[in-house]
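Have a look at the structure below before the remarks.
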Amino acid sequence: MQSTRSSPTLLDATSPEEPSVPHLGLDGADGHVSMDRERGGHEPERPWRGAVDGRATVPHTATQGPAEGTPRRATLSWRPLVNAWGRWGCAVLLAAGCGDDLPPLGETEASTGALTGSPSDDTDGFDTGDGSSGDTDDGLDPQSVPEPRAGRLTDRQYVYTVQDVLGLRLLSDELSALPADIPSGRDYSTTLEPQAFDSNYVLAYAEVARSVSLRLDPAALVSEHAGCGELHPDCRAALVENLGRRLFRRPLTAVEQGRYLDLAMTIEARPETTEAHVVQGIVQVLLQAPAFLYRLERETVGQPGQVRSIDGYELASRLSYFLWQSAPDDELLAFAAGPAGDGAYDPAALPEQIDRMIADRRFARSRSLFWGDYTLASRSGFATSDPQLAAELRDSLMATLERISGVGGSPQSLSALFDGQRLVMTPAVAELAGATPRGEGLQVYDVAEAEQRQGVVTHPALLASIGTTSFVGRGLFLSERLLCQHVAEPPPEVADEIETTAETTADMTPRQASEFRMNLEAVCLGCHLQFEPIAYAFERYDMTGRYTETDAQGRDLFSHGELPAFGPLPALAFDDAEQLLTQLAETDAVYGCLVENMTQFGTGRPSSRTGPFHADATARFIAEGRTFESLVRSVAGSEQRTLLRVVEP
Amino acid sequence: MSRRARPGRGLTRRAVLRGAGGVAIALPLLPELLPRARASLEGAIPQRLFTMSFGLGLSAAMQAEQFAGPLQPLQPFADKAALFTNVDINPLSGGGTPHYRNAAALFTGVPQQGSPAYVAGGPSMEQVMKRALHPDGVPNVATPQLSAGLWSNTGCVAAFTRHWNDDGSPGQRPVRRPSDVFATLFGGPRPQRPDERVTPEQLAQHHVHRSVLDTVLEDYEDMVGPRSGLGAQSKARIDNHLAAIRDVETQLVPTGSQGGECPVVPPASVSDPEPYGFYDAMVGNAGAGAPQLDWEVADAAMQLLGRLMALGAACDRLRFGSMVSVGAGEYLRFAGQYTALGDMADFSQLFAATTPHDAIFHAYDPAMVRLHQHFSLSMLAHMLHEMDAIEEPNGLSVLDNSLVLLGTEYGENHSASPALQGVLGGAGRFNPGFYDQPLLPSDVYHQALAAYAIDSGIPERWPAYSPQEIAGFRNE
């Protein structure tokens, strides 16, 4: 292992059990700083350094609040210019990551042809027997099922799988050797695209496999997986078969079984080697095999372009990496095998397995990972250079979400994201929230009396995790996460003109700058009108989520606005954040958006609110109480999870 | 998808040993443990390709200043540098955020795949040369390829990735710490001395590792075969893995000596300039960006990185790689006063509250951009100096004997044209100077590789592209 420094650990190697508030595994105190919190308020105005190409700045007037008694609407009083993106927009878009539009399902051409029956015969790659492959529902659009894609186990999935199957936690050196998987922008950690790969991964996998194989007790391994009381060549076949089945998430093919037994004989052929070396070799080859490192499915079995039902082993792997970030256990593999042991699982037994998996302690991994990614808590600097505060913000936010999810108590409706009255916070975070700090450490605070504090969305930590007060930045995050509004990239022909707004709006408040953009006649206006309005409700929350009615320059800040109608979401006018959030809590569209987010997390692929699966899952989620578990159950139990769109070889 | 037949599959080492029937073999007769004759470099200088990039571009006016402007750090290499000042990246960049869409096209020569991923449309040129010259893996070299440099994570891999795999997926992230580069290049398995005796346990472990590797290779070859049950995209991903295994086969299971004679003795160890801790961070916000880093600390780190990469090349421990001096759309905030070109930039003040990207590029300040880019290029120039300072057996420097491609993601302030590209080294294959002919980056890459009789593959991957000759560039 070439790194000698301590590195962020994916797991706490010393704790006997996984913590109740799972360690996110990424050191939030990376020194990432957005703004000095002592400045408070919003980001300071940038000094104007002169005109660009001789263009004069456009004078602006302060935005006034509406006169008492008059309806509040976003003012659109600026002279239009051919411009759309301000300096903040470009900067925050870069901050937000690669891009903001997700390719819709079904972009590829649909092929025609009837769904064929049984899969092909033995392949050298893998073959799980006949499996199940049946007709899809009448009228099902194959494009509603994503194309299959081999996905490398993420760093977390690798670590958890080794732990669960081999009973071994990786040492810090082993963890350091594994290249870290870094999500792009607002992607989930489970996203399959793009997955980086190079020779460093190969070296790391080999090094970890060797190290793990040396640390394992060969006799114990053979006893557990081969049922043998001692190391003996006669135990090899059972060891390969059983350990291979667990690590590959399916029975080995005859080719694989034969190949690994050949390996055992080759190792044995040297006079220096012992049976322990043979066992080490078997472990090493299994941990470096493609069937272990990649989640593979039989993509070409069936009629290309059509949809088939996956077999039990493929389903078990999908479920276990969704719910546990790890391999199936023996019980799940037994379910996968089905009564006849051929991968034809019993669909009636599926809900019970999902329930079992949700109740299992390993589910905490996925729960923590989802919320950390959903809120960006797992990767944010929280707009502060104070590592202690950043840690407290992260812990406060995650504890709040865990509590809502039912950890340590009854699961709550996820409407609490919008209308909940209780936030978990440390005293420092409570102070930011306008609550009276008390006690030490994480406490549950009733924020009903705090000004403009309602729902997890107004948790100081969530707003701080966004890292900006710009209406572009906050708007993009909130509109995407809460409303599933995915915004396309600006077309290249306006790139040059994007810069001119930067100078024009340099000295404006975020609302003034936004209203300026909203009044433009430009191709970009359509997108900005879509994603910026939601941010209007949060103008009065500064970078660290503290509520304030004026900015650092003493200028008034406001909170009124109107969301335009979009898809299933109706137009919503609001006076402040509380009013907006109360309305959103009563809107089914936001729960459909949660389903979309969970689907993306669970599948590692972009989701879509169109198609029958999303509607069914959303209906189920709402009907079962809108809890976190019902959200997971609605996605995990979706029929889409049991289907695969066949592709060409 | 590229696939290379594994020669002699029926005669794998494993098969031979099985046939030996387990007959005891005295130490140390396994062929791979016999010390191999050190390769003489006389008349056999290995071909190398390194890409070098800096973020945030150079305006046409700054390019026109030639070595009187931000390009001044390259002046010592004027007699071996061809610099192209009228390059248009637009046809390759497509839609999306300018930094990422242009950066994802750098050094590949083909259009990038677009948002939201901004991954490349094909392999980067050092991968192309590596595959062309070494289809079965770079032989006997400790680290066939390495990316290094200074960058911060803004959430998009295209900002800092310069190694792109055959399928356009991102390769290695640039290694930031000099000590990590040192460990990679010089801290790996050491050659065995001929008189050194191995212990039975060492021999056993070596046997295990070699046998496992043979078996693993068979697994991956099957997975990219016709009966794997995988579609084309999945096979491409597995193929990347297979290619990567072949690249580091000699690292996985060392076989005697690696690399050639080192003309310069490598250091015994390396200390990283400090404070540098933030730049280990792999995640975090951009926005107002990273903490400020003293420009002299950054400069020292880049100098050390450049020296190590040059030494690696000279010792034939490295043949392909990339160096990044500030990623695309960079958010690194430097501190300190920087003086060059008769002017001074107070980085501490300029970037106290924001990043260079916002402070001097969005709010365009040409005078400050000039100095910031002078600094970026001077950091890259360290590696060029180090490469040029080492003489090889053929009387030329490591730089002369290497091919270096230089580029940045745009021209003036987010405009993808004209963007600077450059070619350095080449052992006399190219004519130095400034070229103002309208070009695509693809033209530069295609012609540069053609000088080595290597097909860049760009026309094949981008059928709409027609290669354009660059007048006077190649020294036929």
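Following the order of the structure tokens, chains are lettered A, B, ..., residues in each are numbered from 1, and ligands are numbered from 1.
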- Just asking: which residues within range 213-362 of chain B are helix (DSSP H, G or I) according to DSSP, as number ranges by chain? B: 213-223, 232-247, 249-252, 277-280, 295-314, 347-350, 356-362
If we count only C-alpha atoms and set the cut-off at 8 Å, which residues sit around Ala316 in chain A, ignoring sequence neighbours fewer than 6 positions away in its own chain? Please answer as a tab-separated table (two decimals) with N, CA and C atoms, in the first residue's frame.
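This went into result22.tsv:
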```tsv
chain	number	residue	atom	x	y	z
A	249	ARG	N	-22.71	-13.80	-6.18
A	249	ARG	CA	-24.15	-13.58	-6.04
A	249	ARG	C	-24.97	-14.54	-6.90
A	328	PRO	N	-26.01	-10.49	-1.45
A	328	PRO	CA	-27.11	-11.21	-0.80
A	328	PRO	C	-26.58	-12.17	0.27
A	332	LEU	N	-31.35	-14.83	1.23
A	332	LEU	CA	-31.77	-14.20	-0.01
A	332	LEU	C	-31.38	-15.03	-1.23
A	333	LEU	N	-30.22	-15.67	-1.14
A	333	LEU	CA	-29.82	-16.54	-2.25
A	333	LEU	C	-30.73	-17.76	-2.35
A	336	ALA	N	-33.65	-16.61	-4.06
A	336	ALA	CA	-33.32	-16.40	-5.46
A	336	ALA	C	-33.34	-17.72	-6.24
```
Residues of range 279-327 of chain A within 9 Å of range 617-638 of chain A: nearest atom pair and distance (Å, one decimal) for each, counting only C-alpha atoms, sorted by chain and number, as JSON lines?
```
{"residue": "A:Arg318", "atom": "CA", "partner": "A:Ala636", "partner_atom": "CA", "distance": 8.9}
{"residue": "A:Leu319", "atom": "CA", "partner": "A:Ala636", "partner_atom": "CA", "distance": 6.8}
{"residue": "A:Phe322", "atom": "CA", "partner": "A:Ala636", "partner_atom": "CA", "distance": 7.8}
{"residue": "A:Leu323", "atom": "CA", "partner": "A:Ala636", "partner_atom": "CA", "distance": 8.3}
```
- Message: Report, in Å with one decimal, the straight-line distance from CA of Asp358 in chain B to CA of Gly475 in chain A.
- Response: 19.8 Å
- Which residues come within 10 Å of Asp299 in chain B, counting only C-alpha atoms, excluding same-chain residues fewer than 6 positions away, as number ranges by chain? B: 150, 273, 305, 325, 375-376, 378-380, 382
- From the set B:Ser169, B:Thr97, B:Ser397, B:Ser402, which residue has the shortest atom-to-atom contact distance to Gln233 in chain B, counting only C-alpha atoms?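 Using only C-alpha atoms, the shortest distance to Gln233 in chain B belongs to B:Ser169.
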- One-decimal distance in Å that lies between CA of Thr384 in chain A and CA of Glu549 in chain A: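 Those two atoms sit 21.0 Å apart.
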- Task: Go through range 244-470 of chain A and collect every residue that DSSP, computed from the backbone, puts in strand (DSSP E); the answer should be as a count of residues only.
- Result: 13
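With only C-alpha atoms as the basis for measurement, B:Gly329 is the residue among B:Gly329, B:Pro111, B:Gly137, B:Gly55 that approaches chain A most closely.
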- Note on the structure: The residue from A:Ile466, A:Leu350, A:Val646, A:Leu584 with the smallest atom-to-atom distance to Arg186 in chain A, counting only C-alpha atoms, is A:Ile466
